>>> print(open('run_5.pdb').read())   # PDB, C-alpha atoms
ATOM      1  CA  MET A   1       0.000   0.000   0.000
ATOM      2  CA  THR A   2       1.197   3.485  -0.700
ATOM      3  CA  ASN A   3       1.451   6.083   2.045
ATOM      4  CA  ASN A   4      -1.146   8.169   0.214
ATOM      5  CA  ASP A   5      -3.572   5.243   0.140
ATOM      6  CA  THR A   6      -3.114   4.655   3.870
ATOM      7  CA  LEU A   7      -3.670   8.345   4.596
ATOM      8  CA  ARG A   8      -6.837   8.416   2.439
ATOM      9  CA  ARG A   9      -8.231   5.275   4.058
ATOM     10  CA  VAL A  10      -7.644   6.462   7.634
ATOM     11  CA  ARG A  11      -9.286   9.770   6.748
ATOM     12  CA  TYR A  12     -12.304   7.963   5.288
ATOM     13  CA  ILE A  13     -12.653   5.396   8.095
ATOM     14  CA  PHE A  14     -12.757   8.059  10.803
ATOM     15  CA  ASP A  15     -14.618  10.605   8.629
ATOM     16  CA  TYR A  16     -12.023  13.334   9.185
ATOM     17  CA  GLY A  17     -12.273  16.674   7.413
ATOM     18  CA  ASP A  18      -9.312  18.814   6.418
ATOM     19  CA  GLU A  19      -9.239  20.674   9.734
ATOM     20  CA  GLU A  20      -9.127  17.427  11.719
ATOM     21  CA  MET A  21      -6.376  16.037   9.503
ATOM     22  CA  LEU A  22      -4.301  19.197   9.911
ATOM     23  CA  SER A  23      -4.915  19.051  13.666
ATOM     24  CA  ILE A  24      -3.635  15.470  13.782
ATOM     25  CA  PHE A  25      -0.421  16.513  12.042
ATOM     26  CA  SER A  26      -0.030  19.374  14.521
ATOM     27  CA  GLN A  27      -0.455  16.900  17.418
ATOM     28  CA  ALA A  28       2.904  15.491  16.314
ATOM     29  CA  GLY A  29       4.422  18.968  16.090
ATOM     30  CA  HIS A  30       4.328  18.992  12.280
ATOM     31  CA  ALA A  31       2.768  21.823  10.305
ATOM     32  CA  VAL A  32       1.197  20.829   6.998
ATOM     33  CA  SER A  33      -0.540  23.210   4.620
ATOM     34  CA  ARG A  34      -4.053  22.526   3.377
ATOM     35  CA  THR A  35      -2.674  22.490  -0.190
ATOM     36  CA  GLN A  36      -0.067  19.889   0.669
ATOM     37  CA  LEU A  37      -2.674  17.721   2.406
ATOM     38  CA  SER A  38      -5.011  18.093  -0.547
ATOM     39  CA  ASP A  39      -2.275  17.014  -2.974
ATOM     40  CA  TRP A  40      -1.557  13.904  -0.857
ATOM     41  CA  LEU A  41      -5.225  12.955  -0.811
ATOM     42  CA  LYS A  42      -5.752  13.269  -4.573
ATOM     43  CA  LYS A  43      -6.079  10.171  -6.722
ATOM     44  CA  ASP A  44      -2.823   8.766  -8.066
ATOM     45  CA  ASP A  45      -3.686   9.717 -11.655
ATOM     46  CA  ASP A  46      -4.419  13.381 -10.798
ATOM     47  CA  PRO A  47      -1.708  15.697 -12.222
ATOM     48  CA  GLU A  48      -1.490  17.553  -8.876
ATOM     49  CA  HIS A  49      -1.080  14.330  -6.873
ATOM     50  CA  GLU A  50       1.976  14.422  -4.630
ATOM     51  CA  ARG A  51       3.595  11.426  -2.978
ATOM     52  CA  CYS A  52       3.335  11.382   0.831
ATOM     53  CA  SER A  53       6.766  10.588   2.262
ATOM     54  CA  ASP A  54       7.433   7.945   4.900
ATOM     55  CA  ALA A  55       8.369  10.691   7.367
ATOM     56  CA  ASP A  56       5.105  12.576   6.753
ATOM     57  CA  LEU A  57       2.938   9.472   7.208
ATOM     58  CA  ALA A  58       4.899   8.514  10.334
ATOM     59  CA  LEU A  59       4.264  11.988  11.743
ATOM     60  CA  PHE A  60       0.568  11.709  10.912
ATOM     61  CA  LEU A  61       0.355   8.347  12.681
ATOM     62  CA  ASP A  62       2.226   9.739  15.697
ATOM     63  CA  GLY A  63      -0.232  12.637  15.769
ATOM     64  CA  PHE A  64      -3.083  10.128  15.481
ATOM     65  CA  ILE A  65      -1.725   8.301  18.541
ATOM     66  CA  ASN A  66      -1.474  11.616  20.417
ATOM     67  CA  ALA A  67      -5.013  12.600  19.378
ATOM     68  CA  LYS A  68      -6.502   9.265  20.450
ATOM     69  CA  ARG A  69      -4.477   8.521  23.581
ATOM     70  CA  GLY A  70      -3.074  11.849  24.704
ATOM     71  CA  LYS A  71       0.350  13.319  24.215
ATOM     72  CA  LYS A  72       3.339  11.771  25.953
ATOM     73  CA  GLU A  73       5.688  14.019  27.853
ATOM     74  CA  ASP A  74       8.715  12.181  26.457
ATOM     75  CA  PRO A  75      10.869  14.059  23.971
ATOM     76  CA  LYS A  76       9.580  13.371  20.495
ATOM     77  CA  ALA A  77      11.556  11.004  18.339
ATOM     78  CA  THR A  78      12.262  11.925  14.760
ATOM     79  CA  PHE A  79      11.577   9.333  12.117
ATOM     80  CA  LYS A  80      14.463   8.151   9.999
ATOM     81  CA  GLY A  81      14.392   5.341   7.499
ATOM     82  CA  THR A  82      11.653   3.485   5.704
ATOM     83  CA  LEU A  83       8.125   3.166   7.035
ATOM     84  CA  THR A  84       6.996  -0.438   6.707
ATOM     85  CA  ASN A  85       3.520  -1.940   6.815
ATOM     86  CA  ASN A  86       4.521  -3.454  10.166
ATOM     87  CA  MET A  87       5.147   0.025  11.599
ATOM     88  CA  VAL A  88       1.878   1.409  10.179
ATOM     89  CA  PHE A  89      -0.034  -1.569  11.591
ATOM     90  CA  LEU A  90       1.599  -1.153  15.015
ATOM     91  CA  LYS A  91       0.963   2.602  15.165
ATOM     92  CA  LEU A  92      -2.713   2.119  14.286
ATOM     93  CA  LYS A  93      -2.993  -0.656  16.877
ATOM     94  CA  ILE A  94      -1.450   1.601  19.535
ATOM     95  CA  ALA A  95      -3.610   4.616  18.626
ATOM     96  CA  LEU A  96      -6.804   2.605  18.871
ATOM     97  CA  GLU A  97      -5.654   0.736  22.008
ATOM     98  CA  LEU A  98      -6.324  -2.633  20.398
ATOM     99  CA  GLN A  99      -5.361  -5.944  21.955
ATOM    100  CA  ALA A 100      -4.443  -8.987  19.851
ATOM    101  CA  GLU A 101      -7.983 -10.362  20.157
ATOM    102  CA  ASP A 102      -9.414  -7.069  18.884
ATOM    103  CA  VAL A 103      -7.108  -7.082  15.862
ATOM    104  CA  LEU A 104      -7.963 -10.704  15.106
ATOM    105  CA  SER A 105     -11.684  -9.842  15.302
ATOM    106  CA  LEU A 106     -11.200  -6.963  12.862
ATOM    107  CA  LEU A 107      -9.356  -9.239  10.451
ATOM    108  CA  GLU A 108     -12.126 -11.848  10.795
ATOM    109  CA  LEU A 109     -14.698  -9.176   9.864
ATOM    110  CA  ALA A 110     -12.725  -8.638   6.667
ATOM    111  CA  GLU A 111     -12.713 -12.424   6.165
ATOM    112  CA  MET A 112      -9.015 -12.856   6.819
ATOM    113  CA  HIS A 113      -8.078 -15.628   9.190
ATOM    114  CA  ILE A 114      -4.699 -15.668  10.920
ATOM    115  CA  SER A 115      -3.567 -17.069  14.244
ATOM    116  CA  LYS A 116      -2.514 -15.077  17.284
ATOM    117  CA  HIS A 117       1.058 -16.305  16.727
ATOM    118  CA  GLU A 118       1.071 -15.050  13.139
ATOM    119  CA  LEU A 119      -0.236 -11.706  14.337
ATOM    120  CA  SER A 120       2.409 -11.331  17.036
ATOM    121  CA  ALA A 121       5.125 -11.959  14.418
ATOM    122  CA  PHE A 122       4.147  -8.665  12.728
ATOM    123  CA  PHE A 123       4.882  -6.717  15.911
ATOM    124  CA  ARG A 124       8.300  -8.177  16.656
ATOM    125  CA  LYS A 125      11.520  -6.322  15.972
ATOM    126  CA  PRO A 126      13.110  -6.906  12.582
ATOM    127  CA  GLY A 127      15.887  -9.411  13.017
ATOM    128  CA  HIS A 128      13.958 -11.449  15.593
ATOM    129  CA  LYS A 129      13.765 -15.076  14.479
ATOM    130  CA  ASN A 130       9.947 -14.982  14.446
ATOM    131  CA  TYR A 131       9.590 -11.555  12.769
ATOM    132  CA  ARG A 132       7.400 -11.557   9.685
ATOM    133  CA  ASP A 133       6.812  -8.814   7.113
ATOM    134  CA  CYS A 134       3.264  -7.493   7.029
ATOM    135  CA  LYS A 135       2.075  -7.756   3.450
ATOM    136  CA  ASP A 136      -0.243  -5.204   1.840
ATOM    137  CA  GLN A 137      -3.123  -7.688   1.956
ATOM    138  CA  VAL A 138      -2.991  -7.948   5.755
ATOM    139  CA  LEU A 139      -2.880  -4.172   6.258
ATOM    140  CA  ARG A 140      -5.665  -3.683   3.693
ATOM    141  CA  ASN A 141      -7.863  -6.228   5.478
ATOM    142  CA  PHE A 142      -7.143  -4.645   8.861
ATOM    143  CA  LEU A 143      -8.231  -1.261   7.483
ATOM    144  CA  ALA A 144     -11.312  -2.891   5.922
ATOM    145  CA  GLY A 145     -12.206  -4.342   9.329
ATOM    146  CA  LEU A 146     -11.824  -0.896  10.911
ATOM    147  CA  GLN A 147     -14.068   0.529   8.201
ATOM    148  CA  LEU A 148     -16.740  -2.062   8.970
ATOM    149  CA  ILE A 149     -16.696  -0.977  12.630
ATOM    150  CA  TYR A 150     -16.314   2.805  12.311
ATOM    151  CA  ARG A 151     -18.296   3.327   9.065
ATOM    152  CA  PRO A 152     -20.827   0.483   8.916
ATOM    153  CA  GLY A 153     -22.742   0.284   5.687
ATOM    154  CA  SER A 154     -20.000   1.968   3.674
ATOM    155  CA  VAL A 155     -18.431  -1.204   2.297
TER
END
>>> encode(input="run_5.pdb", output="structure tokens")
Amino acid sequence: MTNNDTLRRVRYIFDYGDEEMLSIFSQAGHAVSRTQLSDWLKKDDDPEHERCSDADLALFLDGFINAKRGKKEDPKATFKGTLTNNMVFLKLKIALELQAEDVLSLLELAEMHISKHELSAFFRKPGHKNYRDCKDQVLRNFLAGLQLIYRPGSV
């Protein structure tokens, strides 16, 4: 999944307007212009479409965590590197305060069946012997499950 697709889907699932999206970015201490946000949310074939960077999506997800759970007093970490599906999945799980059983239920709603052990492998550190890459299909189904809960009737 692209960062833009993830951003669009989270916006749709939680029915956020531009002001709420900009507020979420500001929760992570990141100022984004309405124009920039609009360009990220445009369809991929739109000439004004702009690619959302890993750092920008990471900041949005950090702001989403802050908006949902409250801001931590710890010094904020800056994101460096590549944002993986595993990181996106984990940040969404943290923001929504989901336990493994909750995540499995959401995946079941989207008709994806995985075990608790398979799920825990997505949240391990890379390099751990049981770490497993989260494929686009798993993240897509997780987001579909969230959509079924937060926007019933929209699927």
>>> closest_residue(input="run_5.pdb", among="A:Asp15, A:Asp54, A:Asp39, A:Asp44", to="A:Gly81", atoms="all atoms listed in the file")
A:Asp54
>>> residues_near_point(input="run_5.pdb", point="(-5.3, 7.1, 2.5)", cutoff="12 Å", atoms="all atoms listed in the file", output="short mmCIF file (atom, residue, chain, number, x, y, z; two decimals) with C-alpha atoms, in the frame of the given file")
data_model
loop_
_atom_site.label_atom_id
_atom_site.label_comp_id
_atom_site.auth_asym_id
_atom_site.auth_seq_id
_atom_site.Cartn_x
_atom_site.Cartn_y
_atom_site.Cartn_z
CA MET A 1 0.00 0.00 0.00
CA THR A 2 1.20 3.48 -0.70
CA ASN A 3 1.45 6.08 2.04
CA ASN A 4 -1.15 8.17 0.21
CA ASP A 5 -3.57 5.24 0.14
CA THR A 6 -3.11 4.66 3.87
CA LEU A 7 -3.67 8.35 4.60
CA ARG A 8 -6.84 8.42 2.44
CA ARG A 9 -8.23 5.28 4.06
CA VAL A 10 -7.64 6.46 7.63
CA ARG A 11 -9.29 9.77 6.75
CA TYR A 12 -12.30 7.96 5.29
CA ILE A 13 -12.65 5.40 8.10
CA PHE A 14 -12.76 8.06 10.80
CA ASP A 15 -14.62 10.60 8.63
CA TYR A 16 -12.02 13.33 9.18
CA MET A 21 -6.38 16.04 9.50
CA LEU A 37 -2.67 17.72 2.41
CA SER A 38 -5.01 18.09 -0.55
CA ASP A 39 -2.28 17.01 -2.97
CA TRP A 40 -1.56 13.90 -0.86
CA LEU A 41 -5.22 12.96 -0.81
CA LYS A 42 -5.75 13.27 -4.57
CA LYS A 43 -6.08 10.17 -6.72
CA ASP A 44 -2.82 8.77 -8.07
CA ARG A 51 3.60 11.43 -2.98
CA CYS A 52 3.34 11.38 0.83
CA LEU A 57 2.94 9.47 7.21
CA PHE A 60 0.57 11.71 10.91
CA LEU A 61 0.36 8.35 12.68
CA VAL A 88 1.88 1.41 10.18
CA ARG A 140 -5.66 -3.68 3.69
CA LEU A 143 -8.23 -1.26 7.48
#
>>> resolve_selection(input="run_5.pdb", expression="the PyMOL selection byres ((chain A and resi 110-112) around 9)", output="PyMOL selection string")
chain A and resi 104-109+113-114+138+141-146+148
>>> residues_around(input="run_5.pdb", residues="stretch 69-72 of chain A", least_positions_apart="4", cutoff="8 Å", atoms="all atoms listed in the file", output="PyMOL selection string")
chain A and resi 27+65+95-96
>>> resolve_selection(input="run_5.pdb", expression="the PyMOL selection byres ((chain A and resi 132) around 9)", output="list in words")
Asn86, Glu118, Leu119, Ser120, Ala121, Phe122, Phe123, Arg124, Pro126, His128, Lys129, Asn130, Tyr131, Asp133 and Cys134 of chain A
>>> closest_residue(input="run_5.pdb", among="A:Ile149, A:Leu139, A:Leu98, A:Leu92", to="A:Ala67", atoms="all atoms listed in the file")
A:Leu92
>>> residues_around(input="run_5.pdb", residues="A:Ser26", least_positions_apart="5", cutoff="10 Å", atoms="all atoms listed in the file", output="PyMOL selection string")
chain A and resi 20-21+31-32+59-60+62-64+66-67
>>> write_last_selection(input="run_5.pdb", atoms="C-alpha atoms", output="mmCIF file, keeping the file's coordinate frame")
data_model
loop_
_atom_site.group_PDB
_atom_site.id
_atom_site.type_symbol
_atom_site.label_atom_id
_atom_site.label_comp_id
_atom_site.auth_asym_id
_atom_site.auth_seq_id
_atom_site.Cartn_x
_atom_site.Cartn_y
_atom_site.Cartn_z
ATOM 1 C CA GLU A 20 -9.127 17.427 11.719
ATOM 2 C CA MET A 21 -6.376 16.037 9.503
ATOM 3 C CA ALA A 31 2.768 21.823 10.305
ATOM 4 C CA VAL A 32 1.197 20.829 6.998
ATOM 5 C CA LEU A 59 4.264 11.988 11.743
ATOM 6 C CA PHE A 60 0.568 11.709 10.912
ATOM 7 C CA ASP A 62 2.226 9.739 15.697
ATOM 8 C CA GLY A 63 -0.232 12.637 15.769
ATOM 9 C CA PHE A 64 -3.083 10.128 15.481
ATOM 10 C CA ASN A 66 -1.474 11.616 20.417
ATOM 11 C CA ALA A 67 -5.013 12.600 19.378
#
>>> atom_distance(input="run_5.pdb", atom1="atom CA of A:Ala58", atom2="atom CA of A:Met87")
8.6 Å
>>> atom_distance(input="run_5.pdb", atom1="atom CA of A:Arg151", atom2="atom CA of A:Ile94")
19.9 Å
>>> atom_distance(input="run_5.pdb", atom1="atom CA of A:Val103", atom2="atom CA of A:Lys91")
12.6 Å
>>> build_atoms(input="run_5.pdb", residues="stretch 37-60 of chain A", atoms="N, CA and C atoms", output="PDB file, in the frame of the given file")
ATOM      1  N   LEU A  37      -1.783  18.814   2.017  1.00  0.00           N
ATOM      2  CA  LEU A  37      -2.674  17.721   2.406  1.00  0.00           C
ATOM      3  C   LEU A  37      -3.579  17.339   1.245  1.00  0.00           C
ATOM      4  N   SER A  38      -4.121  18.337   0.591  1.00  0.00           N
ATOM      5  CA  SER A  38      -5.011  18.093  -0.547  1.00  0.00           C
ATOM      6  C   SER A  38      -4.294  17.332  -1.657  1.00  0.00           C
ATOM      7  N   ASP A  39      -3.054  17.692  -1.931  1.00  0.00           N
ATOM      8  CA  ASP A  39      -2.275  17.014  -2.974  1.00  0.00           C
ATOM      9  C   ASP A  39      -1.986  15.563  -2.599  1.00  0.00           C
ATOM     10  N   TRP A  40      -1.782  15.285  -1.309  1.00  0.00           N
ATOM     11  CA  TRP A  40      -1.557  13.904  -0.857  1.00  0.00           C
ATOM     12  C   TRP A  40      -2.824  13.062  -0.987  1.00  0.00           C
ATOM     13  N   LEU A  41      -3.969  13.692  -0.817  1.00  0.00           N
ATOM     14  CA  LEU A  41      -5.225  12.955  -0.811  1.00  0.00           C
ATOM     15  C   LEU A  41      -5.816  12.762  -2.200  1.00  0.00           C
ATOM     16  N   LYS A  42      -5.245  13.407  -3.203  1.00  0.00           N
ATOM     17  CA  LYS A  42      -5.752  13.269  -4.573  1.00  0.00           C
ATOM     18  C   LYS A  42      -5.451  11.875  -5.113  1.00  0.00           C
ATOM     19  N   LYS A  43      -6.273  11.460  -6.064  1.00  0.00           N
ATOM     20  CA  LYS A  43      -6.079  10.171  -6.722  1.00  0.00           C
ATOM     21  C   LYS A  43      -4.707  10.132  -7.390  1.00  0.00           C
ATOM     22  N   ASP A  44      -4.168   8.941  -7.523  1.00  0.00           N
ATOM     23  CA  ASP A  44      -2.823   8.766  -8.066  1.00  0.00           C
ATOM     24  C   ASP A  44      -2.684   9.287  -9.497  1.00  0.00           C
ATOM     25  N   ASP A  45      -3.780   9.275 -10.257  1.00  0.00           N
ATOM     26  CA  ASP A  45      -3.686   9.717 -11.655  1.00  0.00           C
ATOM     27  C   ASP A  45      -3.950  11.218 -11.826  1.00  0.00           C
ATOM     28  N   ASP A  46      -4.213  11.927 -10.742  1.00  0.00           N
ATOM     29  CA  ASP A  46      -4.419  13.381 -10.798  1.00  0.00           C
ATOM     30  C   ASP A  46      -3.066  14.049 -11.031  1.00  0.00           C
ATOM     31  N   PRO A  47      -2.995  15.036 -11.942  1.00  0.00           N
ATOM     32  CA  PRO A  47      -1.708  15.697 -12.222  1.00  0.00           C
ATOM     33  C   PRO A  47      -1.122  16.444 -11.016  1.00  0.00           C
ATOM     34  N   GLU A  48      -1.977  16.837 -10.057  1.00  0.00           N
ATOM     35  CA  GLU A  48      -1.490  17.553  -8.876  1.00  0.00           C
ATOM     36  C   GLU A  48      -1.182  16.621  -7.699  1.00  0.00           C
ATOM     37  N   HIS A  49      -1.374  15.323  -7.923  1.00  0.00           N
ATOM     38  CA  HIS A  49      -1.080  14.330  -6.873  1.00  0.00           C
ATOM     39  C   HIS A  49       0.390  14.418  -6.465  1.00  0.00           C
ATOM     40  N   GLU A  50       0.616  14.399  -5.168  1.00  0.00           N
ATOM     41  CA  GLU A  50       1.976  14.422  -4.630  1.00  0.00           C
ATOM     42  C   GLU A  50       2.153  13.209  -3.742  1.00  0.00           C
ATOM     43  N   ARG A  51       3.306  12.597  -3.793  1.00  0.00           N
ATOM     44  CA  ARG A  51       3.595  11.426  -2.978  1.00  0.00           C
ATOM     45  C   ARG A  51       3.818  11.840  -1.527  1.00  0.00           C
ATOM     46  N   CYS A  52       3.157  11.147  -0.607  1.00  0.00           N
ATOM     47  CA  CYS A  52       3.335  11.382   0.831  1.00  0.00           C
ATOM     48  C   CYS A  52       4.563  10.591   1.275  1.00  0.00           C
ATOM     49  N   SER A  53       5.520  11.255   1.865  1.00  0.00           N
ATOM     50  CA  SER A  53       6.766  10.588   2.262  1.00  0.00           C
ATOM     51  C   SER A  53       6.538   9.713   3.490  1.00  0.00           C
ATOM     52  N   ASP A  54       7.477   8.806   3.713  1.00  0.00           N
ATOM     53  CA  ASP A  54       7.433   7.945   4.900  1.00  0.00           C
ATOM     54  C   ASP A  54       7.443   8.792   6.172  1.00  0.00           C
ATOM     55  N   ALA A  55       8.262   9.830   6.181  1.00  0.00           N
ATOM     56  CA  ALA A  55       8.369  10.691   7.367  1.00  0.00           C
ATOM     57  C   ALA A  55       7.049  11.406   7.635  1.00  0.00           C
ATOM     58  N   ASP A  56       6.380  11.877   6.569  1.00  0.00           N
ATOM     59  CA  ASP A  56       5.105  12.576   6.753  1.00  0.00           C
ATOM     60  C   ASP A  56       4.017  11.632   7.269  1.00  0.00           C
ATOM     61  N   LEU A  57       3.944  10.421   6.718  1.00  0.00           N
ATOM     62  CA  LEU A  57       2.938   9.472   7.208  1.00  0.00           C
ATOM     63  C   LEU A  57       3.245   9.060   8.643  1.00  0.00           C
ATOM     64  N   ALA A  58       4.520   8.866   8.960  1.00  0.00           N
ATOM     65  CA  ALA A  58       4.899   8.514  10.334  1.00  0.00           C
ATOM     66  C   ALA A  58       4.483   9.615  11.299  1.00  0.00           C
ATOM     67  N   LEU A  59       4.677  10.871  10.900  1.00  0.00           N
ATOM     68  CA  LEU A  59       4.264  11.988  11.743  1.00  0.00           C
ATOM     69  C   LEU A  59       2.744  12.037  11.894  1.00  0.00           C
ATOM     70  N   PHE A  60       2.024  11.760  10.815  1.00  0.00           N
ATOM     71  CA  PHE A  60       0.568  11.709  10.912  1.00  0.00           C
ATOM     72  C   PHE A  60       0.140  10.621  11.900  1.00  0.00           C
TER      73      PHE A  60
END
